[in-house]
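Quick look at final-v3.txt (compact mmCIF, C-alpha atoms and all ligand atoms):
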```txt
# COMPACT_ATOMS: atom_id res chain seq x y z
CA MET A 1 21.58 4.58 -9.56
CA ASN A 2 21.59 8.35 -8.81
CA ASN A 3 24.54 8.09 -6.34
CA LYS A 4 22.36 9.57 -3.61
CA ARG A 5 22.06 7.95 -0.20
CA ALA A 6 18.89 7.64 1.81
CA SER A 7 18.40 6.48 5.39
CA VAL A 8 15.11 5.05 6.61
CA VAL A 9 14.35 4.84 10.35
CA GLY A 10 12.23 1.79 11.23
CA ALA A 11 11.74 -1.62 9.58
CA GLY A 12 7.96 -1.83 10.00
CA ILE A 13 5.78 -2.03 6.88
CA LEU A 14 6.18 1.69 6.12
CA GLY A 15 9.98 1.60 6.48
CA LEU A 16 10.09 -1.44 4.18
CA ALA A 17 7.79 0.19 1.63
CA VAL A 18 9.74 3.47 1.65
CA ALA A 19 13.07 1.64 1.33
CA LYS A 20 11.79 -0.36 -1.64
CA THR A 21 10.51 2.72 -3.48
CA LEU A 22 13.65 4.77 -2.78
CA ALA A 23 15.89 1.96 -4.02
CA GLU A 24 13.78 1.64 -7.17
CA LEU A 25 14.24 5.40 -7.68
CA GLY A 26 18.01 4.88 -7.63
CA TYR A 27 18.92 5.65 -4.01
CA LYS A 28 21.37 3.56 -2.02
CA VAL A 29 19.29 2.89 1.08
CA THR A 30 20.15 2.03 4.69
CA VAL A 31 17.28 0.99 6.99
CA ILE A 32 18.01 1.29 10.72
CA GLU A 33 15.72 -0.58 13.13
CA ARG A 34 16.13 -0.32 16.86
CA SER A 35 14.99 -3.85 17.68
CA LEU A 36 16.70 -7.08 16.60
CA ASN A 37 13.76 -7.51 14.22
CA ALA A 38 10.60 -5.48 13.64
CA ARG A 39 8.50 -5.37 16.84
CA GLY A 40 6.00 -2.56 16.26
CA SER A 41 2.45 -2.43 14.89
CA SER A 42 3.46 -4.31 11.77
CA ILE A 43 3.94 -7.65 13.54
CA ARG A 44 1.00 -7.27 15.93
CA ASN A 45 -1.79 -7.02 13.40
CA PHE A 46 -4.17 -9.39 11.59
CA GLY A 47 -1.98 -9.57 8.52
CA MET A 48 -4.95 -8.43 6.48
CA VAL A 49 -4.36 -6.71 3.18
CA TRP A 50 -7.84 -5.21 3.21
CA PRO A 51 -8.91 -3.23 0.10
CA ILE A 52 -12.60 -3.67 1.02
CA GLY A 53 -12.25 -1.19 3.92
CA GLN A 54 -10.56 1.54 1.89
CA HIS A 55 -12.19 4.70 0.58
CA ILE A 56 -12.97 4.34 -3.09
CA GLU A 57 -11.15 7.49 -4.28
CA LYS A 58 -7.75 7.82 -2.70
CA GLN A 59 -7.05 4.69 -0.70
CA LEU A 60 -8.49 1.95 -2.90
CA PRO A 61 -5.98 2.41 -5.77
CA ARG A 62 -3.15 2.39 -3.20
CA ALA A 63 -4.55 -0.75 -1.60
CA ILE A 64 -4.75 -2.49 -4.98
CA LYS A 65 -1.15 -1.48 -5.72
CA SER A 66 -0.05 -2.77 -2.29
CA ARG A 67 -1.82 -6.06 -2.90
CA GLU A 68 0.15 -6.48 -6.14
CA VAL A 69 3.44 -5.79 -4.32
CA TRP A 70 2.54 -8.18 -1.49
CA MET A 71 1.74 -10.97 -3.96
CA ASP A 72 5.01 -10.38 -5.80
CA LEU A 73 7.11 -10.38 -2.60
CA CYS A 74 5.29 -13.46 -1.31
CA GLU A 75 6.06 -15.30 -4.51
CA LYS A 76 9.71 -14.19 -4.59
CA GLY A 77 10.34 -14.96 -0.92
CA LYS A 78 8.00 -17.96 -0.54
CA ILE A 79 6.09 -16.04 2.15
CA TRP A 80 2.93 -17.85 3.25
CA ASN A 81 -0.19 -16.00 2.11
CA ASN A 82 -3.83 -16.72 1.52
CA PRO A 83 -5.64 -14.66 -1.14
CA CYS A 84 -8.89 -15.88 0.39
CA GLY A 85 -11.03 -12.76 0.00
CA SER A 86 -13.32 -11.67 2.81
CA ILE A 87 -16.88 -12.10 4.05
CA GLN A 88 -18.76 -9.58 6.14
CA LEU A 89 -21.43 -11.48 8.08
CA PHE A 90 -24.79 -9.90 8.95
CA THR A 91 -27.16 -10.61 11.82
CA ASN A 92 -29.99 -8.15 11.13
CA GLU A 93 -32.02 -6.59 8.32
CA ILE A 94 -30.47 -3.12 8.44
CA GLU A 95 -26.99 -4.60 7.92
CA LEU A 96 -28.30 -6.46 4.86
CA GLU A 97 -29.83 -3.25 3.49
CA MET A 98 -26.55 -1.40 4.08
CA ALA A 99 -24.65 -4.14 2.28
CA VAL A 100 -26.93 -3.84 -0.76
CA ASP A 101 -26.46 -0.04 -0.74
CA PHE A 102 -22.65 -0.48 -0.54
CA TYR A 103 -22.73 -3.11 -3.28
CA GLU A 104 -24.72 -0.86 -5.62
CA GLN A 105 -22.41 2.12 -5.01
CA ASN A 106 -19.23 0.06 -5.44
CA ILE A 107 -19.92 -2.67 -7.96
CA HIS A 108 -18.07 -0.91 -10.81
CA ALA A 109 -15.03 0.20 -8.79
CA ARG A 110 -14.51 -3.01 -6.83
CA LYS A 111 -14.31 -6.26 -8.73
CA GLY A 112 -15.51 -9.48 -7.14
CA LEU A 113 -18.22 -8.17 -4.80
CA LYS A 114 -21.17 -10.47 -4.16
CA ILE A 115 -24.14 -10.43 -1.79
CA LEU A 116 -24.35 -13.89 -0.17
CA SER A 117 -27.37 -15.78 1.09
CA LYS A 118 -27.17 -17.55 4.45
CA GLU A 119 -26.58 -20.82 2.58
CA GLU A 120 -23.70 -19.30 0.58
CA CYS A 121 -22.15 -17.94 3.81
CA ARG A 122 -22.37 -21.42 5.35
CA ASN A 123 -20.60 -22.93 2.34
CA GLN A 124 -17.58 -20.70 2.99
CA VAL A 125 -17.70 -20.38 6.78
CA SER A 126 -18.71 -23.79 8.10
CA ASN A 127 -18.45 -22.68 11.74
CA LEU A 128 -20.90 -19.78 11.43
CA ASN A 129 -23.64 -19.27 14.00
CA GLU A 130 -26.71 -20.61 12.14
CA LEU A 131 -29.10 -19.00 14.62
CA ASN A 132 -27.97 -15.45 13.90
CA ILE A 133 -26.53 -15.11 10.42
CA LEU A 134 -28.87 -13.80 7.71
CA GLY A 135 -26.38 -13.29 4.89
CA GLY A 136 -23.07 -11.71 3.96
CA LEU A 137 -21.03 -9.61 1.57
CA TYR A 138 -18.15 -11.32 -0.22
CA SER A 139 -15.15 -9.51 -1.69
CA ASP A 140 -12.39 -11.35 -3.52
CA SER A 141 -9.57 -8.80 -3.04
CA GLU A 142 -8.37 -9.51 0.49
CA VAL A 143 -5.16 -11.38 1.26
CA ILE A 144 -3.91 -12.73 4.58
CA VAL A 145 -0.26 -12.99 5.59
CA GLU A 146 1.16 -14.08 8.95
CA SER A 147 2.53 -10.63 9.72
CA ARG A 148 4.90 -11.66 12.53
CA GLU A 149 6.71 -13.81 9.97
CA ALA A 150 6.15 -11.93 6.73
CA ILE A 151 7.41 -8.54 7.95
CA ARG A 152 10.59 -10.18 9.20
CA GLN A 153 11.13 -12.07 5.92
CA ILE A 154 10.86 -9.03 3.66
CA PRO A 155 14.26 -7.42 4.51
CA ASP A 156 16.14 -10.39 3.05
CA ILE A 157 13.99 -10.38 -0.09
CA LEU A 158 14.51 -6.66 -0.65
CA SER A 159 18.26 -6.64 0.03
CA ALA A 160 18.77 -9.60 -2.32
CA THR A 161 17.56 -7.62 -5.32
CA LEU A 162 17.84 -3.91 -4.46
CA PRO A 163 20.60 -1.65 -3.03
CA ILE A 164 19.17 -1.77 0.50
CA GLU A 165 21.16 -2.56 3.65
CA PHE A 166 19.43 -3.30 6.96
CA ILE A 167 20.97 -2.52 10.35
CA PHE A 168 19.04 -4.06 13.26
CA GLY A 169 19.45 -3.44 16.98
CA LYS A 170 20.47 0.24 16.82
CA THR A 171 18.29 3.16 17.93
CA VAL A 172 18.53 6.33 15.85
CA ILE A 173 18.91 9.37 18.13
CA GLU A 174 19.66 12.00 15.48
CA ALA A 175 18.42 12.20 11.90
CA THR A 176 19.23 15.05 9.46
CA ASN A 177 19.75 15.41 5.72
CA GLU A 178 23.47 14.83 6.30
CA LYS A 179 23.57 11.87 8.64
CA VAL A 180 21.85 9.52 10.99
CA VAL A 181 23.45 8.81 14.37
CA THR A 182 22.57 5.83 16.56
CA SER A 183 22.81 5.57 20.36
CA ASP A 184 26.11 3.62 20.17
CA GLY A 185 27.71 6.40 18.10
CA THR A 186 27.40 4.75 14.67
CA THR A 187 27.08 7.43 11.97
CA ILE A 188 25.51 6.79 8.58
CA GLU A 189 25.90 9.55 6.02
CA ASN A 190 22.93 10.33 3.81
CA ASP A 191 21.36 12.95 1.55
CA ILE A 192 17.79 12.38 2.71
CA VAL A 193 16.17 10.57 5.63
CA PHE A 194 12.67 9.13 6.04
CA ILE A 195 11.36 8.70 9.59
CA CYS A 196 9.07 5.67 9.71
CA SER A 197 9.06 5.23 13.47
CA GLY A 198 5.39 4.32 13.79
CA PHE A 199 3.81 5.09 17.16
CA GLU A 200 7.19 5.85 18.81
CA ILE A 201 6.99 9.60 19.02
CA ASN A 202 9.44 10.50 21.79
CA ILE A 203 12.82 9.73 20.24
CA LEU A 204 13.15 11.74 17.02
CA TYR A 205 11.64 15.19 16.54
CA PRO A 206 9.38 14.90 19.62
CA ASP A 207 8.24 18.53 19.23
CA VAL A 208 7.03 17.84 15.69
CA PHE A 209 5.10 14.78 16.86
CA ASN A 210 3.72 16.51 19.97
CA ASN A 211 2.38 19.40 17.89
CA ALA A 212 0.84 17.24 15.17
CA PRO A 213 -2.86 16.26 15.09
CA ILE A 214 -2.18 12.69 16.17
CA THR A 215 -3.23 10.18 18.78
CA ILE A 216 -2.13 6.63 19.58
CA SER A 217 -4.70 3.88 19.22
CA GLN A 218 -4.29 0.84 21.44
CA LEU A 219 -5.94 -2.45 20.46
CA ASN A 220 -6.63 -5.74 22.26
CA MET A 221 -5.90 -8.83 20.16
CA LEU A 222 -6.39 -12.59 20.69
CA ARG A 223 -5.17 -15.77 19.04
CA SER A 224 -6.91 -19.16 19.23
CA LYS A 225 -5.82 -22.76 19.01
CA PRO A 226 -6.30 -24.21 15.50
CA ILE A 227 -9.92 -24.72 14.50
CA GLU A 228 -11.07 -27.60 12.30
CA SER A 229 -12.40 -25.66 9.34
CA GLN A 230 -10.69 -23.26 6.97
CA ILE A 231 -12.35 -19.89 6.57
CA PRO A 232 -11.78 -16.70 4.58
CA ALA A 233 -11.09 -13.43 6.39
CA VAL A 234 -14.26 -12.43 8.23
CA CYS A 235 -15.69 -9.25 9.70
CA GLY A 236 -19.12 -8.38 11.09
CA GLY A 237 -21.70 -5.62 10.78
CA LEU A 238 -19.89 -3.45 13.35
CA SER A 239 -17.14 -2.94 10.76
CA PHE A 240 -19.56 -0.58 8.96
CA LEU A 241 -18.81 1.89 11.77
CA HIS A 242 -15.07 1.52 11.40
CA TYR A 243 -13.87 1.92 7.81
CA ASP A 244 -13.88 4.92 5.45
CA ALA A 245 -15.15 2.69 2.66
CA TYR A 246 -18.63 2.68 4.19
CA SER A 247 -18.93 6.44 4.82
CA SER A 248 -21.52 7.05 2.09
CA ILE A 249 -23.92 4.28 3.11
CA LYS A 250 -27.29 5.96 3.64
CA LYS A 251 -28.41 4.17 6.80
CA LEU A 252 -25.09 4.59 8.65
CA GLY A 253 -26.55 7.05 11.20
CA GLU A 254 -29.54 4.84 11.94
CA TYR A 255 -27.24 1.81 12.29
CA LYS A 256 -24.97 3.68 14.71
CA GLN A 257 -28.01 4.35 16.94
CA LEU A 258 -29.00 0.68 16.82
CA CYS A 259 -25.45 -0.36 17.79
CA ASP A 260 -25.38 2.14 20.69
CA GLU A 261 -28.40 0.29 22.10
CA LYS A 262 -27.58 -3.29 21.11
CA TYR A 263 -23.80 -3.33 21.62
CA PRO A 264 -23.03 -0.65 24.27
CA ASN A 265 -19.84 -2.35 25.50
CA GLN A 266 -18.52 -2.96 22.01
CA VAL A 267 -19.26 0.63 20.97
CA LYS A 268 -17.73 2.04 24.17
CA HIS A 269 -14.44 0.22 23.52
CA GLY A 270 -14.39 0.77 19.75
CA ILE A 271 -14.80 -2.94 19.10
CA HIS A 272 -15.53 -4.38 15.70
CA LEU A 273 -14.74 -7.94 14.76
CA LEU A 274 -12.00 -9.02 12.39
CA VAL A 275 -10.94 -12.66 12.13
CA SER A 276 -8.01 -13.95 10.10
CA GLN A 277 -6.75 -17.52 9.92
CA ASN A 278 -3.08 -18.42 9.56
CA GLN A 279 -1.34 -21.37 7.93
CA ASN A 280 -1.82 -23.46 11.10
CA ASN A 281 -5.58 -22.78 11.15
CA CYS A 282 -5.23 -20.56 14.27
CA LEU A 283 -7.50 -17.53 14.33
CA THR A 284 -6.36 -13.99 15.06
CA ILE A 285 -9.35 -12.19 16.57
CA GLY A 286 -9.86 -8.55 17.49
CA ASP A 287 -10.09 -5.71 18.04
CA SER A 288 -10.82 -2.80 20.37
CA HIS A 289 -9.64 0.82 20.14
CA GLU A 290 -8.63 3.18 22.97
CA TYR A 291 -7.16 6.55 21.95
CA ASN A 292 -4.61 8.45 24.09
CA MET A 293 -1.20 10.04 23.60
CA GLN A 294 0.10 7.53 26.13
CA ASN A 295 -1.82 4.33 26.80
CA GLU A 296 -1.65 2.25 29.96
CA PRO A 297 0.13 -1.11 29.59
CA PHE A 298 -2.59 -3.04 31.47
CA GLN A 299 -4.85 -5.24 29.37
CA GLU A 300 -8.54 -5.24 30.36
CA ILE A 301 -9.85 -8.81 30.21
CA ASP A 302 -13.44 -7.49 30.07
CA VAL A 303 -12.60 -5.90 26.73
CA ASN A 304 -11.35 -9.26 25.41
CA ASN A 305 -14.62 -10.81 26.60
CA TYR A 306 -16.68 -8.19 24.74
CA ILE A 307 -14.73 -9.03 21.57
CA LEU A 308 -15.45 -12.74 22.13
CA ASP A 309 -19.15 -12.06 22.89
CA TYR A 310 -19.48 -10.54 19.44
CA TYR A 311 -17.40 -13.35 17.91
CA ASN A 312 -19.89 -15.82 19.41
CA GLU A 313 -22.80 -14.02 17.77
CA LEU A 314 -21.25 -14.74 14.39
CA PHE A 315 -19.52 -18.10 14.93
CA SER A 316 -20.64 -21.40 16.45
CA ASN A 317 -17.39 -22.75 17.91
CA HIS A 318 -18.04 -21.43 21.43
CA ASP A 319 -15.39 -23.78 22.84
CA LEU A 320 -12.70 -21.77 21.08
CA GLN A 321 -9.50 -21.79 23.13
CA ILE A 322 -7.46 -18.60 23.33
CA THR A 323 -3.71 -19.18 23.49
CA GLN A 324 -2.29 -15.65 23.15
CA THR A 325 -3.42 -12.13 23.88
CA TRP A 326 -1.50 -8.96 23.15
CA MET A 327 -1.92 -5.27 22.66
CA GLY A 328 -1.00 -3.40 19.53
CA GLU A 329 -0.63 0.32 19.01
CA TYR A 330 -0.60 2.56 15.98
CA LEU A 331 -0.35 6.27 15.31
CA LYS A 332 -3.58 7.76 13.97
CA MET A 333 -4.34 11.17 12.49
CA LYS A 334 -7.00 13.11 14.41
CA ASP A 335 -7.85 15.55 11.58
CA GLY A 336 -9.36 12.92 9.29
CA SER A 337 -6.23 12.60 7.11
CA SER A 338 -5.46 9.13 5.82
CA GLU A 339 -1.69 9.64 6.10
CA TRP A 340 1.08 11.96 7.33
CA ILE A 341 3.73 12.52 4.69
CA GLU A 342 5.69 15.73 5.23
CA GLU A 343 9.14 17.25 4.66
CA ILE A 344 9.71 18.73 8.12
CA GLU A 345 13.08 20.24 7.21
CA PRO A 346 15.05 20.03 3.96
CA GLY A 347 15.64 16.36 3.20
CA VAL A 348 13.94 15.07 6.39
CA PHE A 349 10.60 13.35 5.78
CA ILE A 350 7.95 11.96 8.10
CA PHE A 351 6.17 8.95 6.58
CA ASN A 352 3.43 7.78 8.90
CA GLY A 353 -0.27 7.89 9.70
CA PRO A 354 -2.20 5.20 7.80
CA GLY A 355 -3.74 4.19 11.15
CA GLY A 356 -5.29 0.73 11.04
CA ALA A 357 -4.46 0.19 7.37
CA GLY A 358 -0.66 0.29 7.06
CA MET A 359 -0.39 -3.32 5.85
CA THR A 360 -3.00 -2.51 3.22
CA LEU A 361 -1.76 0.90 2.12
CA GLY A 362 2.00 0.98 2.83
CA PHE A 363 3.45 -0.16 -0.51
CA GLY A 364 0.86 1.83 -2.48
CA MET A 365 1.43 4.97 -0.38
CA ALA A 366 5.20 4.87 -0.95
CA ASP A 367 4.87 4.13 -4.66
CA ASP A 368 2.31 6.90 -5.17
CA ALA A 369 3.67 9.66 -2.91
CA ILE A 370 7.46 9.47 -2.89
CA PRO A 371 8.26 10.21 -6.56
CA THR A 372 6.19 13.43 -6.32
CA LEU A 373 7.70 14.32 -2.95
CA LEU A 374 11.26 14.10 -4.28
CA ARG A 375 10.64 15.82 -7.59
C1 LIG B 401 -3.46 -4.73 16.52
C2 LIG B 401 -3.35 -4.13 15.16
C3 LIG B 401 -4.03 -4.70 14.08
C4 LIG B 401 -3.89 -4.16 12.81
N1 LIG B 401 -4.39 -4.84 11.75
C5 LIG B 401 -4.11 -4.42 10.49
C6 LIG B 401 -4.45 -5.20 9.36
O1 LIG B 401 -4.88 -6.34 9.49
N2 LIG B 401 -4.27 -4.67 8.12
C7 LIG B 401 -3.71 -3.43 7.94
O2 LIG B 401 -3.61 -2.98 6.82
N3 LIG B 401 -3.25 -2.72 9.00
C8 LIG B 401 -3.43 -3.18 10.26
N4 LIG B 401 -2.98 -2.47 11.33
C9 LIG B 401 -2.27 -1.23 11.10
C10 LIG B 401 -0.80 -1.49 10.70
O3 LIG B 401 -0.29 -2.55 11.45
C11 LIG B 401 -0.01 -0.19 10.90
O4 LIG B 401 -0.60 0.85 10.14
C12 LIG B 401 1.42 -0.38 10.43
O5 LIG B 401 1.97 -1.53 10.98
C13 LIG B 401 2.27 0.82 10.79
O6 LIG B 401 3.55 0.56 10.29
P1 LIG B 401 4.80 1.46 10.67
O7 LIG B 401 5.92 0.95 9.86
O8 LIG B 401 4.41 2.90 10.58
O9 LIG B 401 5.02 1.21 12.24
P2 LIG B 401 5.72 0.02 13.04
O10 LIG B 401 5.35 -1.29 12.51
O11 LIG B 401 5.41 0.29 14.48
O12 LIG B 401 7.25 0.21 12.74
C14 LIG B 401 8.03 1.26 13.28
C15 LIG B 401 9.40 0.70 13.54
O13 LIG B 401 10.29 1.78 13.83
C16 LIG B 401 11.19 1.35 14.82
N5 LIG B 401 11.72 2.56 15.45
C17 LIG B 401 11.03 3.52 16.11
N6 LIG B 401 11.85 4.49 16.52
C18 LIG B 401 13.11 4.15 16.11
C19 LIG B 401 14.39 4.76 16.24
N7 LIG B 401 14.55 5.93 16.84
N8 LIG B 401 15.47 4.12 15.72
C20 LIG B 401 15.32 2.93 15.06
N9 LIG B 401 14.12 2.32 14.91
C21 LIG B 401 13.02 2.92 15.42
C22 LIG B 401 10.34 0.50 15.76
O14 LIG B 401 11.14 -0.39 16.51
C23 LIG B 401 9.42 -0.21 14.76
O15 LIG B 401 9.90 -1.50 14.38
C24 LIG B 401 -3.12 -2.99 12.62
C25 LIG B 401 -2.46 -2.40 13.69
C26 LIG B 401 -2.54 -2.97 14.95
C27 LIG B 401 -1.78 -2.35 16.07
```

Starting from the file, give its structure as structure tokens.
Amino acid sequence: MNNKRASVVGAGILGLAVAKTLAELGYKVTVIERSLNARGSSIRNFGMVWPIGQHIEKQLPRAIKSREVWMDLCEKGKIWNNPCGSIQLFTNEIELEMAVDFYEQNIHARKGLKILSKEECRNQVSNLNELNILGGLYSDSEVIVESREAIRQIPDILSATLPIEFIFGKTVIEATNEKVVTSDGTTIENDIVFICSGFEINILYPDVFNNAPITISQLNMLRSKPIESQIPAVCGGLSFLHYDAYSSIKKLGEYKQLCDEKYPNQVKHGIHLLVSQNQNNCLTIGDSHEYNMQNEPFQEIDVNNYILDYYNELFSNHDLQITQTWMGEYLKMKDGSSEWIEEIEPGVFIFNGPGGAGMTLGFGMADDAIPTLLR
């Protein structure tokens, strides 16, 4: 222990990851979360730890590190998880060609990639749409957790083994390298503070957030009743347009044009399909992307229908019953950066910005960046 005290604002995945790393570096850590338990992006997502979508150079090693940490925490805390891997399903020839290109570029860096025939896809996804699916790309690295449970279980696991205290239900209104003050007047003394407040940009250092190259992405999400079969995590061809991992695929431009024509509504609303299944066999299905500094709270049912239209191209259970819908938000960098880690004044750090990949990158980001930052 180095006798230094650190405060962390926010108990989402980034706050948890930062707290863990700081405690391992010898800090006595206090995490302050304004809600009674985490309520931000980290409990509204698919629970996908998704190395397959991450850029091979910088993000993939962080994703692999995060996966290791997730598996360790899940084992320690008996958190439900499914290391089921993922399948990207394809409905046309250009998607198959792109998959082969990706496979050939990535086979040495990513273990467990395999091009699947239609038959092999059917063996793993028994509810696939036989009329449309031509083949798939399997990756064995992906893990699913039920994020609304897992994120809320982690504080107890961390505080049982590391010098980390969690304070829930208090909003931080002032954060400096001397202290953190909450809205009820509680003061916590510290030597450094990490602000992991996610997409909430108006409470602490609003000028810093307002002048940063950021936007807030809002996503429509759906959950189904349990389905009969068990499936790995699934995405579709449209995901080629979404993740950095695919940026060097040669036919990406041609594919984008095809999608503009074939899927105008999905492209307009930034829809690509991700499907994860939880321990009760319910599916989490999404998502769409609208980008604004302040999004409207009204959910467009048409957008949900466009997500389901694409789902129905890939899957056969058209009688799927939706039981929950919600919207998620996350902060995203507009300048192409994959993160925002910055000391904005001595001892005050912003730790934010992994966009749609915080569950995948959080632990790896903290482990990789913080020791250098504090040196
Ligand atoms: C719908 C959706 C699906 C996604 N799917 C995936 C996925 O499957 N895989 C993946 O890797 N990533 C996914 N992401 C991205 C991932 O969820 C985010 O990158 C990640 O959750 C961001 O974590 P965070 O800790 O920065 O923010 P948050 O989880 O929003 O946490 C911030 C916390 O700070 C608290 N807070 C804010 N201000 C204060 C204050 N002043 N005082 C005290 N507390 C404060 C908030 O209450 C909140 O709990 C998805 C995101 C969304 C929205």

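Between ligand LIG 401 (chain B) and the candidates A:Pro51, A:Pro264, A:Pro297, A:Gly328, the tightest atom-to-atom separation, counting all atoms listed in the file, involves A:Gly328.
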
Checklist entry - What do you get as a PyMOL selection string if you pick all residues at most 7 Å from ligand LIG 401 (chain B), counting all atoms listed in the file? => result chain A and resi 9-15+32-35+38-50+170-173+196-200+203-204+218-221+287+327-330+352-361

Item to check | Close residues, segment 61-70 of chain A itself excluded, 6 Å, all atoms listed in the file, min 2 positions apart in chain, as a ChimeraX atom specification | outcome: /A:51,59,72-74,360-361,363-365

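Rounded to one decimal, atom CA of Glu300 of chain A and atom CA of Ile231 of chain A lie 28.2 Å from each other.
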
Spatial neighbours of Cys84 of chain A, 7 Å, all atoms listed in the file, chain gap at least 4 places, as a compact mmCIF listing (two decimals) with C-alpha atoms, keeping the file's coordinate frame:
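See around37.txt below for the written result:
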```txt
# COMPACT_ATOMS: atom_id res chain seq x y z
CA ASP A 140 -12.39 -11.35 -3.52
CA GLU A 142 -8.37 -9.51 0.49
CA VAL A 143 -5.16 -11.38 1.26
CA PRO A 232 -11.78 -16.70 4.58
CA ALA A 233 -11.09 -13.43 6.39
```

Next on the checklist: Quick check, in Å to one decimal: how far apart do atom CA of Lys28 of chain A and atom CA of Ile154 of chain A lie?
Outcome noted: 17.4 Å

Next on the checklist: Give me the residues near His242 of chain A as a PyMOL selection string, where near means some atom within 12 Å (using all atoms listed in the file) and where sequence neighbours in that chain fewer than 6 positions away do not count.
Outcome noted: chain A and resi 52-55+235-236+252+256+267+270-274+287-289+355-357

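For Ile341 of chain A, the residues within 10 Å (counting all atoms listed in the file, excluding itself and residues fewer than 3 positions away along the chain) are Phe194, Ile195, Ser338, Ile344, Phe349, Ile350, Phe351, Asn352, Gly353, Pro354, Met365, Ala366, Ala369, Ile370 and Leu373 of chain A.
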
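The gap separating atom CA of Met293 of chain A from atom CA of Val18 of chain A is 25.4 Å, in Å to one decimal.
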
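For the choices A:Asn177, A:Glu97, A:Leu238, A:Cys259, the atom-to-atom distance to Glu343 of chain A is smallest for A:Asn177 when using all atoms listed in the file.
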
Output requested as a PDB file, in the frame of the given file - segment 325-338 of chain A, filled out with N, CA and C atoms.
```pdb
ATOM      1  N   THR A 325      -2.789 -13.463  23.994  1.00  0.00           N
ATOM      2  CA  THR A 325      -3.420 -12.130  23.880  1.00  0.00           C
ATOM      3  C   THR A 325      -2.284 -11.121  23.833  1.00  0.00           C
ATOM      4  N   TRP A 326      -2.498 -10.022  23.178  1.00  0.00           N
ATOM      5  CA  TRP A 326      -1.500  -8.960  23.150  1.00  0.00           C
ATOM      6  C   TRP A 326      -2.183  -7.640  22.856  1.00  0.00           C
ATOM      7  N   MET A 327      -1.399  -6.571  23.034  1.00  0.00           N
ATOM      8  CA  MET A 327      -1.920  -5.270  22.660  1.00  0.00           C
ATOM      9  C   MET A 327      -1.065  -4.714  21.540  1.00  0.00           C
ATOM     10  N   GLY A 328      -1.721  -4.090  20.598  1.00  0.00           N
ATOM     11  CA  GLY A 328      -1.000  -3.400  19.530  1.00  0.00           C
ATOM     12  C   GLY A 328      -1.264  -1.917  19.651  1.00  0.00           C
ATOM     13  N   GLU A 329      -0.408  -1.128  19.041  1.00  0.00           N
ATOM     14  CA  GLU A 329      -0.630   0.320  19.010  1.00  0.00           C
ATOM     15  C   GLU A 329      -0.310   0.827  17.611  1.00  0.00           C
ATOM     16  N   TYR A 330      -1.023   1.861  17.200  1.00  0.00           N
ATOM     17  CA  TYR A 330      -0.600   2.560  15.980  1.00  0.00           C
ATOM     18  C   TYR A 330      -0.911   4.041  16.105  1.00  0.00           C
ATOM     19  N   LEU A 331      -0.137   4.824  15.329  1.00  0.00           N
ATOM     20  CA  LEU A 331      -0.350   6.270  15.310  1.00  0.00           C
ATOM     21  C   LEU A 331      -1.512   6.561  14.361  1.00  0.00           C
ATOM     22  N   LYS A 332      -2.410   7.441  14.806  1.00  0.00           N
ATOM     23  CA  LYS A 332      -3.580   7.760  13.970  1.00  0.00           C
ATOM     24  C   LYS A 332      -3.733   9.279  13.859  1.00  0.00           C
ATOM     25  N   MET A 333      -4.096   9.738  12.677  1.00  0.00           N
ATOM     26  CA  MET A 333      -4.340  11.170  12.490  1.00  0.00           C
ATOM     27  C   MET A 333      -5.696  11.532  13.108  1.00  0.00           C
ATOM     28  N   LYS A 334      -5.738  12.692  13.784  1.00  0.00           N
ATOM     29  CA  LYS A 334      -7.000  13.110  14.410  1.00  0.00           C
ATOM     30  C   LYS A 334      -7.797  14.060  13.522  1.00  0.00           C
ATOM     31  N   ASP A 335      -7.168  14.546  12.414  1.00  0.00           N
ATOM     32  CA  ASP A 335      -7.850  15.550  11.580  1.00  0.00           C
ATOM     33  C   ASP A 335      -8.538  14.922  10.369  1.00  0.00           C
ATOM     34  N   GLY A 336      -8.676  13.597  10.403  1.00  0.00           N
ATOM     35  CA  GLY A 336      -9.360  12.920   9.290  1.00  0.00           C
ATOM     36  C   GLY A 336      -8.434  12.548   8.145  1.00  0.00           C
ATOM     37  N   SER A 337      -7.140  12.962   8.213  1.00  0.00           N
ATOM     38  CA  SER A 337      -6.230  12.600   7.110  1.00  0.00           C
ATOM     39  C   SER A 337      -5.973  11.106   7.110  1.00  0.00           C
ATOM     40  N   SER A 338      -5.718  10.568   5.919  1.00  0.00           N
ATOM     41  CA  SER A 338      -5.460   9.130   5.820  1.00  0.00           C
ATOM     42  C   SER A 338      -3.966   8.832   5.877  1.00  0.00           C
TER      43      SER A 338
END
```
